[in-house]
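Asker: Next comes the structure file model.pdb, holding PDB, C-alpha atoms and all ligand atoms.
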ATOM      1  CA  MET A  18     162.923 128.122 110.071
ATOM      2  CA  LYS A  19     160.661 129.026 112.942
ATOM      3  CA  ILE A  20     157.614 127.385 114.447
ATOM      4  CA  ILE A  21     155.059 129.158 116.594
ATOM      5  CA  CYS A  22     153.443 126.755 119.005
ATOM      6  CA  CYS A  23     151.501 126.478 122.239
ATOM      7  CA  LYS A  24     152.861 124.937 125.450
ATOM      8  CA  GLU A  25     151.363 121.575 124.558
ATOM      9  CA  HIS A  26     153.209 121.403 121.278
ATOM     10  CA  ALA A  27     156.549 122.931 122.254
ATOM     11  CA  GLU A  28     158.169 119.513 122.519
ATOM     12  CA  LEU A  29     156.803 118.519 119.138
ATOM     13  CA  ALA A  30     158.181 121.671 117.531
ATOM     14  CA  ILE A  31     161.564 121.068 119.144
ATOM     15  CA  ASP A  32     161.591 117.514 117.788
ATOM     16  CA  VAL A  33     160.793 118.786 114.285
ATOM     17  CA  ILE A  34     163.691 121.247 114.347
ATOM     18  CA  VAL A  35     166.094 118.670 115.779
ATOM     19  CA  ASP A  36     165.053 116.159 113.111
ATOM     20  CA  GLU A  37     165.415 118.603 110.255
ATOM     21  CA  PHE A  38     168.544 120.435 111.286
ATOM     22  CA  GLU A  39     170.220 118.057 113.727
ATOM     23  CA  ALA A  40     170.811 120.940 116.085
ATOM     24  CA  ALA A  41     169.241 122.113 119.303
ATOM     25  CA  PRO A  42     166.676 124.820 118.577
ATOM     26  CA  VAL A  43     166.297 128.169 120.260
ATOM     27  CA  VAL A  44     163.063 128.344 122.265
ATOM     28  CA  GLU A  45     161.729 131.790 123.097
ATOM     29  CA  LEU A  46     158.596 132.927 124.897
ATOM     30  CA  LEU A  47     156.469 135.066 122.611
ATOM     31  CA  THR A  48     156.377 138.665 123.680
ATOM     32  CA  GLY A  49     156.127 140.542 120.378
ATOM     33  CA  LYS A  50     152.865 142.278 119.544
ATOM     34  CA  GLY A  51     152.358 140.629 116.174
ATOM     35  CA  GLU A  52     153.406 137.203 117.309
ATOM     36  CA  LEU A  53     151.045 136.996 120.262
ATOM     37  CA  SER A  54     148.045 136.707 117.977
ATOM     38  CA  THR A  55     149.609 133.863 116.028
ATOM     39  CA  THR A  56     148.068 130.472 116.630
ATOM     40  CA  CYS A  57     149.940 127.243 117.205
ATOM     41  CA  GLU A  58     151.185 125.375 114.133
ATOM     42  CA  TYR A  59     149.570 122.170 115.371
ATOM     43  CA  CYS A  60     146.289 123.235 116.977
ATOM     44  CA  ASP A  61     144.038 126.271 117.439
ATOM     45  CA  GLU A  62     145.529 127.449 120.720
ATOM     46  CA  PRO A  63     147.288 130.824 120.817
ATOM     47  CA  GLY A  64     151.026 130.485 120.323
ATOM     48  CA  ALA A  65     153.151 130.679 123.464
ATOM     49  CA  TYR A  66     156.609 129.843 122.137
ATOM     50  CA  LYS A  67     158.720 130.449 119.116
ATOM     51  CA  VAL A  68     161.031 127.570 118.290
ATOM     52  CA  SER A  69     163.686 128.354 115.696
ATOM     53  CA  ASN A  70     166.949 127.032 114.371
ATOM     54  CA  ILE A  71     168.745 130.371 114.535
TER
HETATM   55 ZN    ZN A 101     149.334 123.456 119.921
END
As a first step, turn the structure in this file into structure tokens.
Answerer:
Amino acid sequence: MKIICCKEHAELAIDVIVDEFEAAPVVELLTGKGELSTTCEYCDEPGAYKVSNI
């Protein structure tokens, strides 16, 4: 599972992963070309982070 989110919602995304998987997520800054145009899962801001359980 991965969640693309903005800075505002990074903590929310982390909470979601921790709740679902009971493990600390990996948080990465988005640098990939395709991912930079992805918007936040929770609002219309451009995504800044990728939070995943891998
Ligand atoms: Zn957001």
Asker: Please identify all polymer residues within 10 Å of Thr55 (chain A), counting only C-alpha atoms, omitting same-chain residues fewer than 6 positions from it, and present them as a list in words.
Answerer: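 Those residues are Ile21, Cys22, Cys23, Leu47, Asp61, Glu62, Pro63, Gly64 and Ala65 of chain A.
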Asker: Would you save the residues from that selection as a PDB file, in the coordinates of the input, using C-alpha atoms?
Answerer:
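Result file part-v3.pdb:
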ATOM      1  CA  ILE A  21     155.059 129.158 116.594  1.00  0.00           C
ATOM      2  CA  CYS A  22     153.443 126.755 119.005  1.00  0.00           C
ATOM      3  CA  CYS A  23     151.501 126.478 122.239  1.00  0.00           C
ATOM      4  CA  LEU A  47     156.469 135.066 122.611  1.00  0.00           C
ATOM      5  CA  ASP A  61     144.038 126.271 117.439  1.00  0.00           C
ATOM      6  CA  GLU A  62     145.529 127.449 120.720  1.00  0.00           C
ATOM      7  CA  PRO A  63     147.288 130.824 120.817  1.00  0.00           C
ATOM      8  CA  GLY A  64     151.026 130.485 120.323  1.00  0.00           C
ATOM      9  CA  ALA A  65     153.151 130.679 123.464  1.00  0.00           C
TER      10      ALA A  65
END
Asker: Restricting the calculation to all atoms listed in the file, which member of A:Val43, A:Cys57, A:Lys24, A:Glu37 is positioned closest to Ser69 (chain A)?
Answerer: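 Checking each candidate against Ser69 (chain A), we get A:Val43 as the closest.
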Asker: Restricting the calculation to all atoms listed in the file: of A:Met18, A:Leu46, A:Cys60, A:Ala40, which residue gets closest to ligand ZN 101 (chain A)?
Answerer: A:Cys60
Asker: Closest to ligand ZN 101 (chain A) among A:Val44, A:Ile34, A:Ile71, A:Ala27, using all atoms listed in the file?
Answerer: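 Of all the options, A:Ala27 lies closest to ligand ZN 101 (chain A).
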Asker: When the PyMOL selection byres (((chain A and resi 20) around 6) and not hetatm) is applied to the file above, which residues end up in the set, as an MDAnalysis selection string?
Answerer: chainID A and resid 19 21 67:68
Asker: Rank A:Glu28, A:Glu58, A:Phe38, A:Val33 by their smallest atom-to-atom distance to ligand ZN 101 (chain A), using only C-alpha atoms and all ligand atoms, and report the top residue only.
Answerer: A:Glu58
Asker: Calculated over only C-alpha atoms and all ligand atoms, which of the candidates A:Ala30, A:Tyr59, A:Asp36, A:Pro42 has the smallest distance to ligand ZN 101 (chain A)?
Answerer: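 For ligand ZN 101 (chain A), the nearest of the candidates is A:Tyr59.
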